[in-house]
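Q: Take a look at structure.cif, mmCIF, C-alpha atoms and all ligand atoms:
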```cif
data_structure
loop_
_atom_site.group_PDB
_atom_site.id
_atom_site.type_symbol
_atom_site.label_atom_id
_atom_site.label_comp_id
_atom_site.auth_asym_id
_atom_site.auth_seq_id
_atom_site.Cartn_x
_atom_site.Cartn_y
_atom_site.Cartn_z
ATOM 1 C CA MET A 18 -159.067 43.190 -12.596
ATOM 2 C CA ALA A 19 -157.043 40.321 -13.979
ATOM 3 C CA ARG A 20 -153.430 40.827 -14.853
ATOM 4 C CA VAL A 21 -152.256 39.821 -18.297
ATOM 5 C CA LEU A 22 -149.223 37.758 -19.256
ATOM 6 C CA TYR A 23 -147.992 37.435 -22.827
ATOM 7 C CA GLY A 24 -145.862 34.599 -24.157
ATOM 8 C CA CYS A 25 -143.257 34.798 -26.872
ATOM 9 C CA CYS A 26 -140.883 32.205 -28.270
ATOM 10 C CA LEU A 27 -137.231 32.174 -27.294
ATOM 11 C CA SER A 28 -134.472 29.995 -28.671
ATOM 12 C CA ILE A 29 -131.203 29.665 -26.805
ATOM 13 C CA SER A 30 -129.226 28.158 -29.662
ATOM 14 C CA PRO A 31 -128.406 29.251 -33.211
ATOM 15 C CA LYS A 32 -131.065 28.257 -35.735
ATOM 16 C CA LYS A 33 -128.773 25.730 -37.462
ATOM 17 C CA GLN A 34 -128.177 23.828 -34.220
ATOM 18 C CA ARG A 35 -131.698 24.050 -32.848
ATOM 19 C CA PRO A 36 -132.900 20.629 -31.856
ATOM 20 C CA LYS A 37 -136.372 20.600 -30.356
ATOM 21 C CA PHE A 38 -135.146 20.426 -26.750
ATOM 22 C CA THR A 39 -133.122 23.663 -26.861
ATOM 23 C CA VAL A 40 -136.147 25.855 -27.574
ATOM 24 C CA CYS A 41 -137.724 27.617 -24.608
ATOM 25 C CA HIS A 42 -141.499 27.358 -24.873
ATOM 26 C CA ALA A 43 -143.334 30.672 -24.937
ATOM 27 C CA GLU A 44 -145.346 29.955 -21.797
ATOM 28 C CA LEU A 45 -142.258 28.944 -19.794
ATOM 29 C CA ASN A 46 -140.447 32.039 -20.994
ATOM 30 C CA ALA A 47 -143.338 34.328 -20.062
ATOM 31 C CA ILE A 48 -143.832 32.824 -16.597
ATOM 32 C CA MET A 49 -140.117 32.757 -15.745
ATOM 33 C CA ASN A 50 -139.534 36.305 -17.005
ATOM 34 C CA LYS A 51 -142.656 37.876 -15.531
ATOM 35 C CA ASN A 52 -142.521 41.444 -14.336
ATOM 36 C CA SER A 53 -144.273 40.798 -11.025
ATOM 37 C CA ALA A 54 -143.885 38.718 -7.869
ATOM 38 C CA ASP A 55 -146.184 36.012 -9.187
ATOM 39 C CA VAL A 56 -148.769 35.361 -11.886
ATOM 40 C CA LYS A 57 -151.599 33.989 -9.745
ATOM 41 C CA GLY A 58 -154.941 34.923 -11.246
ATOM 42 C CA CYS A 59 -153.423 36.121 -14.519
ATOM 43 C CA ILE A 60 -154.781 35.607 -18.010
ATOM 44 C CA MET A 61 -152.136 34.222 -20.380
ATOM 45 C CA TYR A 62 -152.269 35.182 -24.068
ATOM 46 C CA VAL A 63 -150.374 32.838 -26.396
ATOM 47 C CA ALA A 64 -150.187 32.203 -30.127
ATOM 48 C CA LEU A 65 -150.567 28.405 -29.935
ATOM 49 C CA PHE A 66 -152.524 26.256 -27.507
ATOM 50 C CA PRO A 67 -149.995 25.302 -24.796
ATOM 51 C CA CYS A 68 -148.317 21.891 -24.834
ATOM 52 C CA ASN A 69 -148.574 19.431 -21.930
ATOM 53 C CA GLU A 70 -145.293 20.570 -20.351
ATOM 54 C CA CYS A 71 -146.373 24.202 -20.390
ATOM 55 C CA ALA A 72 -149.805 23.218 -19.065
ATOM 56 C CA LYS A 73 -148.126 21.826 -15.922
ATOM 57 C CA LEU A 74 -146.287 25.105 -15.416
ATOM 58 C CA ILE A 75 -149.424 27.171 -16.086
ATOM 59 C CA ILE A 76 -151.283 25.179 -13.422
ATOM 60 C CA GLN A 77 -148.459 25.507 -10.876
ATOM 61 C CA ALA A 78 -148.178 29.251 -11.536
ATOM 62 C CA GLY A 79 -151.864 29.786 -10.706
ATOM 63 C CA ILE A 80 -152.853 31.250 -14.048
ATOM 64 C CA LYS A 81 -156.647 31.341 -14.262
ATOM 65 C CA GLU A 82 -157.247 31.586 -18.016
ATOM 66 C CA VAL A 83 -155.426 30.867 -21.275
ATOM 67 C CA VAL A 84 -156.346 32.714 -24.459
ATOM 68 C CA TYR A 85 -154.815 31.240 -27.604
ATOM 69 C CA LEU A 86 -154.901 32.190 -31.257
ATOM 70 C CA SER A 87 -154.410 28.771 -32.876
ATOM 71 C CA ASP A 88 -154.949 25.160 -31.905
ATOM 72 C CA LYS A 89 -153.396 23.695 -35.033
ATOM 73 C CA TYR A 90 -151.880 20.729 -33.152
ATOM 74 C CA HIS A 91 -155.221 19.891 -31.519
ATOM 75 C CA ASP A 92 -155.093 16.163 -32.312
ATOM 76 C CA THR A 93 -151.584 15.442 -31.007
ATOM 77 C CA LEU A 94 -151.008 13.532 -27.777
ATOM 78 C CA GLU A 95 -149.322 16.553 -26.188
ATOM 79 C CA MET A 96 -152.316 18.802 -26.772
ATOM 80 C CA THR A 97 -154.788 16.161 -25.664
ATOM 81 C CA ALA A 98 -152.837 15.753 -22.430
ATOM 82 C CA SER A 99 -152.622 19.517 -22.061
ATOM 83 C CA ARG A 100 -156.386 19.983 -22.455
ATOM 84 C CA THR A 101 -157.010 17.239 -19.902
ATOM 85 C CA LEU A 102 -154.604 18.804 -17.372
ATOM 86 C CA LEU A 103 -155.923 22.343 -17.825
ATOM 87 C CA ASN A 104 -159.521 21.119 -17.641
ATOM 88 C CA MET A 105 -158.845 19.130 -14.453
ATOM 89 C CA ALA A 106 -157.263 22.200 -12.887
ATOM 90 C CA GLY A 107 -160.279 24.346 -13.811
ATOM 91 C CA ILE A 108 -158.318 26.707 -16.021
ATOM 92 C CA GLN A 109 -160.465 28.410 -18.631
ATOM 93 C CA CYS A 110 -159.177 28.121 -22.202
ATOM 94 C CA ARG A 111 -160.645 30.076 -25.060
ATOM 95 C CA GLN A 112 -159.658 30.815 -28.606
ATOM 96 C CA PHE A 113 -159.154 34.430 -29.629
ATOM 97 C CA THR A 114 -160.751 35.276 -32.956
ATOM 98 C CA PRO A 115 -159.316 38.529 -34.267
ATOM 99 C CA LYS A 116 -161.549 40.868 -36.244
ATOM 100 C CA ARG A 117 -158.709 41.377 -38.716
ATOM 101 C CA THR A 118 -156.417 38.697 -40.107
ATOM 102 C CA LYS A 119 -153.411 40.976 -40.497
ATOM 103 C CA ILE A 120 -152.000 44.336 -39.488
ATOM 104 C CA VAL A 121 -150.118 46.521 -41.956
ATOM 105 C CA ILE A 122 -147.507 48.918 -40.620
ATOM 106 C CA ASP A 123 -146.788 51.702 -43.089
ATOM 107 C CA PHE A 124 -143.354 53.062 -42.170
ATOM 108 C CA ASN A 125 -143.640 55.690 -44.893
ATOM 109 C CA SER A 126 -146.520 57.400 -43.090
ATOM 110 C CA ILE A 127 -144.035 59.139 -40.779
ATOM 111 C CA ASN A 128 -143.047 61.290 -43.757
ATOM 112 C CA HIS A 129 -146.631 62.523 -44.108
ATOM 113 C CA PRO A 130 -147.710 64.029 -40.772
ATOM 114 C CA GLY A 131 -151.190 64.870 -42.072
ATOM 115 C CA ILE A 132 -151.894 61.192 -42.581
ATOM 116 C CA LEU A 133 -150.906 60.360 -39.007
ATOM 117 C CA ASN A 134 -153.046 63.200 -37.618
ATOM 118 C CA SER A 135 -156.145 62.144 -39.524
ATOM 119 C CA ALA A 136 -155.686 58.520 -38.454
ATOM 120 C CA THR A 137 -155.644 59.428 -34.770
ATOM 121 C CA LYS A 138 -158.850 61.528 -34.863
HETATM 122 ZN ZN ZN A 201 -144.867 24.216 -24.350
#
```
As structure tokens - that is how I would like this structure written.
Ligand SMILES: [Zn+2]
A:
Amino acid sequence: MARVLYGCCLSISPKKQRPKFTVCHAELNAIMNKNSADVKGCIMYVALFPCNECAKLIIQAGIKEVVYLSDKYHDTLEMTASRTLLNMAGIQCRQFTPKRTKIVIDFNSINHPGILNSATK
């Protein structure tokens, strides 16, 4: 069974002083802060298709598949290079299509235990 690795964005500088190069890419953050000895054979789930720099790291880490939600920068040079690198390395990439477009969390439901009980049946 494949292990799963999730990416999330991390900025190391205050928002006002956040030039592009001080942001830690989600994939880098996930790989460097993994909760295992390595990520060989893992499936990586990310919000955006990985950039070319993250693609290099994904290849070196031995990740076998990338599942992304959006490829909105598809036509940029970085994403073209990334697709080429990932393809050459034989890493599967597929887009996740959620059945729902949003999730609503109703914090008031905790005050109505009957609603929670019926939702879990
Ligand atoms: Zn990146």
Q: Run the PyMOL selection byres (((chain A and resi 108-114) around 9) and not hetatm) against the file shown and list the residues it catches, as a list in words.
A: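 On this input, the PyMOL selection byres (((chain A and resi 108-114) around 9) and not hetatm) captures Tyr62, Phe66, Ile75, Ile76, Gly79, Ile80, Lys81, Glu82, Val83, Val84, Tyr85, Leu86, Ser87, Asp88, Arg100, Leu102, Leu103, Asn104, Met105, Ala106, Gly107, Pro115, Lys116 and Arg117 of chain A.
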Q: Which of these residues is nearest to ligand ZN 201 (chain A), using only C-alpha atoms and all ligand atoms: A:Thr118, A:Asn46, A:Asn52, A:Gln77?
A: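 Closest to ligand ZN 201 (chain A), using only C-alpha atoms and all ligand atoms: A:Asn46.
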Q: Determine the residue membership of the PyMOL selection byres (((not hetatm)) within 6 of (chain A and resi 201)) for the file above and supply it as number ranges by chain.
A: A: 42, 67-68, 70-71
Q: Could you save those same residues with C-alpha atoms as a PDB file, keeping the file's coordinate frame?
A:
```pdb
ATOM      1  CA  HIS A  42    -141.499  27.358 -24.873  1.00  0.00           C
ATOM      2  CA  PRO A  67    -149.995  25.302 -24.796  1.00  0.00           C
ATOM      3  CA  CYS A  68    -148.317  21.891 -24.834  1.00  0.00           C
ATOM      4  CA  GLU A  70    -145.293  20.570 -20.351  1.00  0.00           C
ATOM      5  CA  CYS A  71    -146.373  24.202 -20.390  1.00  0.00           C
TER       6      CYS A  71
END
```
Q: Which one is closest to Val56 (chain A): A:Asn69, A:Ile127, A:Ser99, A:Glu44? Count only C-alpha atoms.
A: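 Using only C-alpha atoms, the shortest distance to Val56 (chain A) belongs to A:Glu44.
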Q: Return the single residue from A:Lys119, A:Ala72, A:Thr101, A:Ala78 that is closest to Met49 (chain A), with distances computed using all atoms listed in the file.
A: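 Under the stated criterion, the closest residue is A:Ala78.
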Q: Report, in Å to a single decimal, how far apart CA of Leu74 (chain A) and CA of Leu45 (chain A) are.
A: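 Atom-to-atom, CA of Leu45 (chain A) to CA of Leu74 (chain A), that is 7.1 Å.
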Q: CA of Ala64 (chain A) to CA of His91 (chain A): how many Å, to one decimal?
A: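 Here the two named atoms are 13.4 Å from each other.
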Q: Separation of CA of Cys41 (chain A) and CA of Lys89 (chain A), in Å?
A: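 For CA of Cys41 (chain A) relative to CA of Lys89 (chain A), the distance reads 19.2 Å.
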Q: Box for region 91-98 of chain A - axis-aligned, 8 Å on each of the six sides, all listed atoms - centre and size in Å to one decimal, as lines of an AutoDock Vina configuration file.
A:
```
center_x = -152.3
center_y = 16.7
center_z = -27.4
size_x = 21.9
size_y = 22.4
size_z = 25.9
```
